[in-house]
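Right, one structure below, let's go through it.
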Protein chains: 2
Amino acid sequence: MEYQEAKDKFISTWGSLGTLWGINKAMAQIQSLLFISTKPLSMEEIMEDLKISRGNTSMNLRQLMDWGIVTKELIPGERKEYFTTEKDVQELARHVAKERSRREIKPVIKILKDVSSIEDDGTAKTKELIKQTKALHDLAETADAMLTKIVSQEQNWLTKSLLKLIK
Amino acid sequence: MEYQEAKDKFISTWGSLGTLWGINKAMAQIQSLLFISTKPLSMEEIMEDLKISRGNTSMNLRQLMDWGIVTKELIPGERKEYFTTEKDVQELARHVAKERSRREIKPVIKILKDVSSIEDDGTAKTKELIKQTKALHDLAETADAMLTKIVSQEQNWLTKSLLKLIK
DNA sequence: TTAAACTTTCAAAAATTATTGAAAGTTTAT
DNA sequence: ATAAACTTTCAATAATTTTTGAAAGTTTAA
């Protein structure tokens, strides 16, 4: 396998993984491309490499910036905007974890809390609803606390802790 | 908030969360319904409660069984099939983690390994591709090892370990 | 101020994914 | 063997999501 084949394979794999996780294909592919690029890329270069339209590139770059994993790089003397992604996988994982917590997990925890706090009218079905949503609430809180912890730590906490845990 | 409202809220929240995580709406809603039900439900009851078609119900129940989180319950004397889901959240989390590892993470790890193993031709771009995919490979392996560990342990390992970790 | 270089927006089109429902299939009781 | 009770399959349809591309918007240089 030589360079181009390996590169394509990486980008398409990462792209379809993104799809599976609620991140769209173009967004995942742009991030992948930047992740293995040796230099910042312009919109022009991205659209050309991935064969996607200007509009699509623009919108997805914006989303990636909202996620905090892609940043604009202004090159002195250049009119165009250039883009780079976070290159450190730990930092990348931390950003993604933080965003997923904020956008998805936290809101769900709130609803689980509300639902599990309804008044117990003594019926079996109400008791079951309360019991089960409470259990889910506790699980979600624990998982989220772990994410928060990972996110708040310095460089190598994640790897170190996990290795310790697995041993 | 009374029972019906709380129930609807729970099912629709869980349903949309599922969508966000690559599990379809009907599948997530059926699982939710079973999760808070006090007794096994027939296909008839599920379709009626969630207002989805027979075909849809049948297909999604099958998928839930493939995931290992829903099982058929044969009630003596009854012709119909009844369904229940795993009621223990820990066990549920373990099943889901195991399946996601097998279906999504493991295959990606394999590709990352292949891509990061291409021959180094000495160019900067090849070096970067190798370096970055190797880093991603290591991260994915660590994360997957954690999942595997969670999956392979007895009842309360998850909660206990995580609490310890967070303290 | 104008024009060139560039980016963003958004309505329409395309692609993908989920859902339906009726026909085919299966199982059980008689 | 037949029929009733039930489940599965799958082609057609519907719903949702993504992508396009051209017009509108913005910034900079002269």
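Ligands are numbered from 1 in the order shown, residues from 1 within each chain, and chains are lettered A, B, ... in the order they appear in the structure tokens.
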Please return, as a PyMOL selection string, all residues of chain A lying within 12 Å of chain D when only C-alpha atoms (C1' of nucleotides) are considered.
-> chain A and resi 19+22-27+51-60+77-81
Given the selection you just returned, output its residues as a file containing N, CA and C atoms, formatted as a PDB file, in the first residue's frame.
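Result file is again15.pdb:
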```pdb
ATOM      1  N   THR A  19     -20.004   9.207  10.518  1.00  0.00           N
ATOM      2  CA  THR A  19     -21.412   9.011  10.204  1.00  0.00           C
ATOM      3  C   THR A  19     -22.095   8.176  11.281  1.00  0.00           C
ATOM      4  N   GLY A  22     -22.918  10.167  14.459  1.00  0.00           N
ATOM      5  CA  GLY A  22     -23.684  11.405  14.415  1.00  0.00           C
ATOM      6  C   GLY A  22     -22.921  12.638  13.956  1.00  0.00           C
ATOM      7  N   ILE A  23     -21.798  12.404  13.295  1.00  0.00           N
ATOM      8  CA  ILE A  23     -21.044  13.522  12.728  1.00  0.00           C
ATOM      9  C   ILE A  23     -21.064  13.290  11.230  1.00  0.00           C
ATOM     10  N   ASN A  24     -21.338  14.318  10.446  1.00  0.00           N
ATOM     11  CA  ASN A  24     -21.525  13.968   9.042  1.00  0.00           C
ATOM     12  C   ASN A  24     -20.223  13.711   8.295  1.00  0.00           C
ATOM     13  N   LYS A  25     -20.391  13.058   7.163  1.00  0.00           N
ATOM     14  CA  LYS A  25     -19.255  12.537   6.418  1.00  0.00           C
ATOM     15  C   LYS A  25     -18.252  13.628   6.062  1.00  0.00           C
ATOM     16  N   ALA A  26     -18.760  14.701   5.452  1.00  0.00           N
ATOM     17  CA  ALA A  26     -17.859  15.760   5.020  1.00  0.00           C
ATOM     18  C   ALA A  26     -17.072  16.330   6.198  1.00  0.00           C
ATOM     19  N   MET A  27     -17.757  16.530   7.303  1.00  0.00           N
ATOM     20  CA  MET A  27     -17.109  17.092   8.479  1.00  0.00           C
ATOM     21  C   MET A  27     -15.959  16.182   8.948  1.00  0.00           C
ATOM     22  N   LYS A  51     -13.197  16.566  -3.207  1.00  0.00           N
ATOM     23  CA  LYS A  51     -14.247  16.676  -4.213  1.00  0.00           C
ATOM     24  C   LYS A  51     -15.606  17.000  -3.613  1.00  0.00           C
ATOM     25  N   ILE A  52     -15.635  18.031  -2.814  1.00  0.00           N
ATOM     26  CA  ILE A  52     -16.905  18.509  -2.285  1.00  0.00           C
ATOM     27  C   ILE A  52     -17.048  19.984  -2.632  1.00  0.00           C
ATOM     28  N   SER A  53     -18.281  20.466  -2.617  1.00  0.00           N
ATOM     29  CA  SER A  53     -18.556  21.831  -3.073  1.00  0.00           C
ATOM     30  C   SER A  53     -18.043  22.881  -2.096  1.00  0.00           C
ATOM     31  N   ARG A  54     -17.984  24.102  -2.591  1.00  0.00           N
ATOM     32  CA  ARG A  54     -17.530  25.213  -1.778  1.00  0.00           C
ATOM     33  C   ARG A  54     -18.428  25.423  -0.553  1.00  0.00           C
ATOM     34  N   GLY A  55     -19.743  25.397  -0.821  1.00  0.00           N
ATOM     35  CA  GLY A  55     -20.700  25.615   0.264  1.00  0.00           C
ATOM     36  C   GLY A  55     -20.571  24.574   1.363  1.00  0.00           C
ATOM     37  N   ASN A  56     -20.473  23.361   0.950  1.00  0.00           N
ATOM     38  CA  ASN A  56     -20.335  22.250   1.884  1.00  0.00           C
ATOM     39  C   ASN A  56     -19.062  22.407   2.721  1.00  0.00           C
ATOM     40  N   THR A  57     -17.980  22.725   2.056  1.00  0.00           N
ATOM     41  CA  THR A  57     -16.714  22.916   2.749  1.00  0.00           C
ATOM     42  C   THR A  57     -16.822  24.035   3.778  1.00  0.00           C
ATOM     43  N   SER A  58     -17.399  25.137   3.355  1.00  0.00           N
ATOM     44  CA  SER A  58     -17.533  26.275   4.252  1.00  0.00           C
ATOM     45  C   SER A  58     -18.348  25.932   5.488  1.00  0.00           C
ATOM     46  N   MET A  59     -19.514  25.305   5.269  1.00  0.00           N
ATOM     47  CA  MET A  59     -20.379  24.970   6.406  1.00  0.00           C
ATOM     48  C   MET A  59     -19.739  23.983   7.359  1.00  0.00           C
ATOM     49  N   ASN A  60     -19.081  22.987   6.815  1.00  0.00           N
ATOM     50  CA  ASN A  60     -18.506  21.977   7.690  1.00  0.00           C
ATOM     51  C   ASN A  60     -17.270  22.467   8.421  1.00  0.00           C
ATOM     52  N   GLY A  77       0.411  38.034   4.436  1.00  0.00           N
ATOM     53  CA  GLY A  77       0.544  38.299   3.008  1.00  0.00           C
ATOM     54  C   GLY A  77      -0.473  37.553   2.157  1.00  0.00           C
ATOM     55  N   GLU A  78      -1.117  36.542   2.738  1.00  0.00           N
ATOM     56  CA  GLU A  78      -2.093  35.765   1.979  1.00  0.00           C
ATOM     57  C   GLU A  78      -3.496  36.302   2.221  1.00  0.00           C
ATOM     58  N   ARG A  79      -4.278  36.341   1.193  1.00  0.00           N
ATOM     59  CA  ARG A  79      -5.662  36.796   1.303  1.00  0.00           C
ATOM     60  C   ARG A  79      -6.546  35.654   1.813  1.00  0.00           C
ATOM     61  N   LYS A  80      -6.287  34.473   1.319  1.00  0.00           N
ATOM     62  CA  LYS A  80      -7.063  33.279   1.699  1.00  0.00           C
ATOM     63  C   LYS A  80      -6.953  32.940   3.180  1.00  0.00           C
ATOM     64  N   GLU A  81      -7.960  32.194   3.647  1.00  0.00           N
ATOM     65  CA  GLU A  81      -7.883  31.662   5.002  1.00  0.00           C
ATOM     66  C   GLU A  81      -7.378  30.234   4.933  1.00  0.00           C
TER      67      GLU A  81
END
```
Counting only C-alpha atoms, which residues from chain A have an atom at most 7 Å from any atom of chain B, and could you show them as an mmCIF file with C-alpha atoms, in the first residue's frame?
```
data_model
loop_
_atom_site.group_PDB
_atom_site.id
_atom_site.type_symbol
_atom_site.label_atom_id
_atom_site.label_comp_id
_atom_site.auth_asym_id
_atom_site.auth_seq_id
_atom_site.Cartn_x
_atom_site.Cartn_y
_atom_site.Cartn_z
ATOM 1 C CA MET A 1 0.000 0.000 0.000
ATOM 2 C CA GLU A 2 1.488 3.327 -0.938
ATOM 3 C CA TYR A 3 0.772 6.828 0.277
ATOM 4 C CA ALA A 6 -3.341 4.694 2.625
ATOM 5 C CA PHE A 10 -7.806 6.614 6.330
ATOM 6 C CA LEU A 20 -21.931 6.204 12.659
ATOM 7 C CA TRP A 21 -21.434 8.613 15.537
ATOM 8 C CA GLY A 22 -23.684 11.405 14.415
ATOM 9 C CA ILE A 36 -2.629 14.175 8.304
ATOM 10 C CA SER A 37 -1.664 17.293 6.410
ATOM 11 C CA THR A 38 1.821 18.678 6.917
ATOM 12 C CA VAL A 89 -4.863 13.048 19.751
ATOM 13 C CA VAL A 115 -38.721 12.246 34.753
ATOM 14 C CA ILE A 118 -42.364 12.710 39.275
ATOM 15 C CA LYS A 125 -45.960 1.366 36.573
ATOM 16 C CA THR A 126 -45.084 4.713 38.149
ATOM 17 C CA GLU A 128 -41.044 1.202 37.693
ATOM 18 C CA LEU A 129 -40.654 4.387 35.657
ATOM 19 C CA GLN A 132 -35.531 2.735 35.977
ATOM 20 C CA ALA A 135 -30.867 4.088 37.564
ATOM 21 C CA LEU A 136 -30.215 5.498 34.121
ATOM 22 C CA MET A 146 -15.614 10.533 34.059
ATOM 23 C CA LYS A 149 -12.496 14.434 34.686
ATOM 24 C CA LEU A 162 -6.584 3.895 31.889
ATOM 25 C CA ILE A 166 -6.588 -2.047 33.011
#
```
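Any residue of chain C with an atom within 8 Å of chain B counts; using only C-alpha atoms (C1' of nucleotides), that gives DT19, DT20 and DG21 of chain C.
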DSSP on the backbone, then: every residue of range 57-93 of chain A marked alpha helix (DSSP H), written as a ChimeraX atom specification.
-> /A:57-66,89-93
DSSP on the backbone, then: every residue of chain B marked strand (DSSP E or B), written as a PyMOL selection string.
-> chain B and resi 41-42+70-73+82-85
